Every structure is written in C-alpha cells, then in structure tokens.
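Student: Dumping the structure here so I can ask a few things about it.
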Amino acid sequence: MAGYPPPSPPSDPSLKEERFNLWFVGICIMCFGAFCQAFGANLQQLSISKEAKKPEARPARKQPLFVTGVFLLVSAGIVSATALIFSAQSLLAPLILLIFIANPLVAHYVNHEPFCWKTDGTLTAVVAASVGIILAFAPHHSASFSAEHMVWLFEQPSFFAFLGIVTIVIATSYLVKRRIFLRINRDWSKLDNLYDRTIVHLSYGILGGTFGGLNITLTKATFTLIMDTFDEGASKGGFFEGLATLFTSSWLLYVTSFALLATFLLELKCTTDGLQASSAMIVVSTLSVVEEVVATLGALLYFQDYHYFTPVKAIVFAMGNLVAVLGVITMAALRLRNGSGRTATQTSPCDGPVNSLPACTSQPGRQSRRAVRAGRQEEC
C-alpha cells in the first residue's frame with residue numbers, strides 16, 4: 001500500500017510501542033460526552049412534543065429547541081470522539097452505555113416520560129453494574145500506535161470480518177423494517193402488532209447505533225493516521241511540510257475521512273428520525289447499546305485487542321456486554337407493552353410518509369398517582 005510499508009506484527013502485543021498512555025483522560029471525556037448526548041436527544045423530543053400541540057407545527061430546522069438539541073448532540077459526539085486519542089477503543093466502548101444510564105432520568109425530568117423504579121430503575125442499575133465490570137476487565141491502555149500499524153490492521157482478515165458483520169446488521173435491520181412498512185400498505189397507523197411494533201421502534205436505534213459504532217472505529221484510525229503522518233512531515237521540514245505530507249502521503253486517509261463523515265451523518269439521520277417516531281427512552285437506549293457492541297467488535301476485530309485478554313477476562317467482558325444488551329431490550333419491550341412509546345408524525349426519505357407511528361395502548365392495571373393527576377393512564 002503506497003505511502004506506508006506494512007510492518008511485521010509483533011509476536012507479543014505488549015511490545016507494540018505506544019506514544020503515550022493517558023487512558024484515564026479518555027474515560028473522563030467520554031463520561032461528559034455521554035451525558036450531553038442524552039440531554040441533546042431529549043431536547044429534540046421536547047421540541048417535537050411542543051410543536052405537536054400547535055395547530056400548525058413548524059419544520060424542525062425552525063424550532064430553536066430542536067436545533068439546540070441537534071447542536072448539543074453533534075458537539076457532544078465530537079467531544080466524545082477526542083477521547084479515542086487517549087484511550088483504547090475496547091476501554092471506551094462500554095462507556096457509551098452511560099448514555100443509557102443518563103437517558104431515563106433526563107427523559108423523565110425533561111420530557112416527563114414515566115420512570116418506574118421497579119423495572120426501569122432495576123434495569124438501569126443492572127446496566128450500570130455491567131459497565132463497571134466491563135471496565136474492570138477491559139485492557140487499560142491508550143492504543144496510541146503508529147500510522148504504519150493502523151494501515152497494517154486495515155489489511156487483516158479480522159477487519160474484513162468486522163465490515164461484513166456491520167453490513168449484515170445494517171442491511172437486515174433496514175430490510176426488515178421496510179418489509180413491515182410495505183406489508184401495512186405504507187401506513188404506520190396500521191402497525192398494531194406488538195412484535196412488529198417492537199421491531200420498528202428498535203430499528204431506528206439499531207441502525208443509528210451500528211453507524212455510530214463504525215464511526216467510532218473509523219475515528220480512532222483516522223485520528224491516528226492524521227497525527228502520525230503530520231508528525232512525520234513536521235519532523236523533516238516544520239509545520240507546512242507536515243501539512244503537505246498529510247495531504248499527499250496516502251489515499252487511505254481520504255477514504256477513512258470520507259467514511260467517517262458519511263457514518264456520522266447517517267447516525268445523526270437515524271437518531272433524529274427515531275426521536276420523531278418513538279420514545280427517546282427507546283431510541284437512545286437501543287442506540288447506545290448497539291453502538292457499544294459494534295464499537296467493541298471494532299476494537300476486538302480491527303484493533304485486535306483480543307490479544308490483551310486472558311481467558312477469564314474475555315469471558316467476563318463478553319458476559320458483561322451480553323447482560324447490558326438484554327437489559328436494554330427488556331426495558332424497550334416493557335415500555336412498548338405498557339404504552340410508553342410516543343406517537344408522532346414524520347417523513348422518512350427511506351420509507352415515505354410515516355403517519356402516526358403508534359405506541360401501544362395502556363393496559364389495565366395499577367396506575368401511577370402522578371399519571372392520574374396528569375390525566376394520563378400509565379402502567380409501570
């Protein structure tokens with residue numbers, strides 16, 4: 001591959017030279033970014049809910065709250081991406097689930113979505129405990145390797161396996177949702193089957209999370225290529241020589257940069273579409289878990305962090321991720337069954353007009369006092 005001669009893989013992963021080891025800085029940045037992303041997503045839904053009560057709703061781009069939410073979501077995503085400079089992706093990926101932990105409380109206080117401590121609280125605690133266990137058993141290093149090593153990783157079979165898995169998930173999620181849409185004659189108001197409704201609501205988070213996890217993997221690789229290539233040129237002829245080297249060294253940097261931008265925009269599109277069609281609790285929670293799983297796969301298959309795991313650590317790491325996934329799926333299913341999904345109207349460029357994507361109706365049972373006072377009927 002022009003520009004970078006592929007290095008020989010070291011026999012011992014610990015011998016791969018790291019430029020620095022500031023993994024704890026990356027953890028702090030990721031925690032801050034996760035909370036801001038949850039807050040930004042809920043601001044968008046708050047704006048949509050307020051506009052739905054007006055005789056004539058304004059377009060999203062003319063809603064100050066919605067624009068603020070998008071800006072906060074995008075800014076927090078950029079801030080979170082900088083954490084990848086300091087920490088290994090396998091260490092940061094579990095922290096994406098902090099969005100899931102923060103979102104129920106933010107959604108409850110900002111959008112007044114019901115929060116049942118018996119179910120939502122328990123499942124949130126389970127996911128929080130899983131994140132702590134994953135962090136304890138994840139590799140504690142920065143993975144600040146050279147551009148040569150990153151290019152070598154792009155040529156490995158494990159990277160192509162990662163791309164294959166991501167492609168299958170995206171295609172399957174989209175095609176299943178599309179098939180349901182066509183089966184109900186392109187009218188979301190006819191979506192009254194619980195199973196189909198669960199699939200459609202979750203599909204927005206699955207698509208957004210998959211693009212997000214791929215984006216995180218590309219971000220780590222692109223940042224490394226940029227920094228190492230610039231440093232190489234600057235060491236020979238100063239700042240401007242570094243810039244020249246950056247733009248002329250290899251076509252791979254252009255490919256990863258374009259893919260990085262494309263996956264970011266697709267993640268943003270899937271997320272905003274989902275927030276207009278469903279509950280922020282469901283969309284953001286599903287997105288955060290799927291993004292964490294895909295980012296973890298990127299760390300294991302592209303960055304080959306599996307070299308750093310002992311058999312015991314690998315088993316605990318995998319079980320922690322599995323428990324987190326089951327937790328968010330359970331919470332989403334319970335909220336759909338009990339009528340916590342939101343009804344909205346949106347237009348999707350992929351599926352055509354989405355007219356009143358319905359949530360489940362409330363089922364008879366114990367009602368919360370707060371819901372009764374508000375004139376609503378909710379069941380935890």
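FYI, nothing fancy with the structure tokens labels: chains A, B, ... in order, residues from 1 per chain, ligands from 1 as they appear.
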Region 64-163 of chain A near region 219-231 of chain A within 9 Å: what's each residue's closest atom pair and its distance in Å to one decimal, counting only C-alpha atoms, ordered by chain then ascending residue number, as a tab-separated table?
Tutor:
```
residue	atom	partner	partner_atom	distance
A:Ala81	CA	A:Thr219	CA	6.8
A:Thr82	CA	A:Phe223	CA	8.7
A:Leu84	CA	A:Lys220	CA	5.6
A:Ile85	CA	A:Lys220	CA	6.8
A:Ala88	CA	A:Lys220	CA	8.7
A:Gln89	CA	A:Lys220	CA	7.6
A:Ser144	CA	A:Thr224	CA	7.2
A:Phe145	CA	A:Thr224	CA	7.2
A:Ser146	CA	A:Asp228	CA	6.1
A:Ala147	CA	A:Leu225	CA	4.8
A:Glu148	CA	A:Leu225	CA	8.4
A:Met150	CA	A:Ala221	CA	6.4
A:Val151	CA	A:Leu225	CA	8.5
```
Student: Emit the selected residues as a PDB file, in the first residue's frame, including N, CA and C atoms.
Tutor:
```pdb
ATOM      1  N   ALA A  81     -15.475  11.871  20.638  1.00  0.00           N
ATOM      2  CA  ALA A  81     -14.525  11.293  19.687  1.00  0.00           C
ATOM      3  C   ALA A  81     -13.086  11.589  20.079  1.00  0.00           C
ATOM      4  N   THR A  82     -12.851  12.754  20.692  1.00  0.00           N
ATOM      5  CA  THR A  82     -11.480  13.091  21.095  1.00  0.00           C
ATOM      6  C   THR A  82     -10.964  12.158  22.185  1.00  0.00           C
ATOM      7  N   LEU A  84     -10.948   9.105  22.047  1.00  0.00           N
ATOM      8  CA  LEU A  84     -10.277   7.992  21.388  1.00  0.00           C
ATOM      9  C   LEU A  84      -8.793   8.254  21.186  1.00  0.00           C
ATOM     10  N   ILE A  85      -8.393   9.517  21.269  1.00  0.00           N
ATOM     11  CA  ILE A  85      -6.970   9.837  21.162  1.00  0.00           C
ATOM     12  C   ILE A  85      -6.214   9.291  22.368  1.00  0.00           C
ATOM     13  N   ALA A  88      -7.788   3.247  24.598  1.00  0.00           N
ATOM     14  CA  ALA A  88      -8.104   2.154  23.681  1.00  0.00           C
ATOM     15  C   ALA A  88      -9.612   2.079  23.478  1.00  0.00           C
ATOM     16  N   GLN A  89     -10.021   1.704  22.284  1.00  0.00           N
ATOM     17  CA  GLN A  89     -11.449   1.652  21.971  1.00  0.00           C
ATOM     18  C   GLN A  89     -12.175   0.613  22.814  1.00  0.00           C
ATOM     19  N   SER A 144      -2.204   4.021  21.321  1.00  0.00           N
ATOM     20  CA  SER A 144      -1.712   5.149  20.527  1.00  0.00           C
ATOM     21  C   SER A 144      -0.575   4.679  19.641  1.00  0.00           C
ATOM     22  N   PHE A 145      -0.935   3.907  18.604  1.00  0.00           N
ATOM     23  CA  PHE A 145       0.058   3.286  17.753  1.00  0.00           C
ATOM     24  C   PHE A 145       0.392   4.160  16.552  1.00  0.00           C
ATOM     25  N   SER A 146       1.310   3.714  15.731  1.00  0.00           N
ATOM     26  CA  SER A 146       1.744   4.476  14.562  1.00  0.00           C
ATOM     27  C   SER A 146       0.783   4.277  13.397  1.00  0.00           C
ATOM     28  N   ALA A 147       0.908   5.165  12.402  1.00  0.00           N
ATOM     29  CA  ALA A 147       0.081   5.053  11.199  1.00  0.00           C
ATOM     30  C   ALA A 147       0.398   3.763  10.453  1.00  0.00           C
ATOM     31  N   GLU A 148       1.666   3.339  10.468  1.00  0.00           N
ATOM     32  CA  GLU A 148       2.046   2.099   9.797  1.00  0.00           C
ATOM     33  C   GLU A 148       1.292   0.911  10.367  1.00  0.00           C
ATOM     34  N   MET A 150      -1.622   1.033  11.903  1.00  0.00           N
ATOM     35  CA  MET A 150      -3.034   1.167  11.550  1.00  0.00           C
ATOM     36  C   MET A 150      -3.295   0.659  10.137  1.00  0.00           C
ATOM     37  N   VAL A 151      -2.390   0.987   9.207  1.00  0.00           N
ATOM     38  CA  VAL A 151      -2.550   0.526   7.824  1.00  0.00           C
ATOM     39  C   VAL A 151      -2.431  -0.993   7.763  1.00  0.00           C
TER      40      VAL A 151
END
```
Student: Restrict the calculation to only C-alpha atoms, then for each residue of region 204-248 of chain A with any atom at most 12 Å from an atom of region 175-195 of chain A give the closest atom pair and their distance in Å to one decimal, rows by chain and rising residue number, as CSV.
Tutor:
```
residue,atom,partner,partner_atom,distance
A:Tyr204,CA,A:Lys177,CA,9.2
A:Ile206,CA,A:Lys177,CA,11.1
A:Leu207,CA,A:Lys177,CA,10.6
```
Student: Between CA of Tyr302 (chain A) and CA of Phe159 (chain A), what is the distance, to one decimal in Å?
Tutor: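 Value for the CA of Tyr302 (chain A)-CA of Phe159 (chain A) distance: 4.7 Å.
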Student: Please indicate the distance in Å from CA of Phe71 (chain A) to CA of Gly40 (chain A), rounded to one decimal place.
Tutor: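 The value is 7.6 Å.
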Student: Just list the residues in region 41-241 of chain A DSSP gives alpha helix (DSSP H) on the backbone, as a PyMOL selection string.
Tutor: chain A and resi 41-52+64-82+89-92+98-111+122-137+147-154+157-183+194-237+239-241
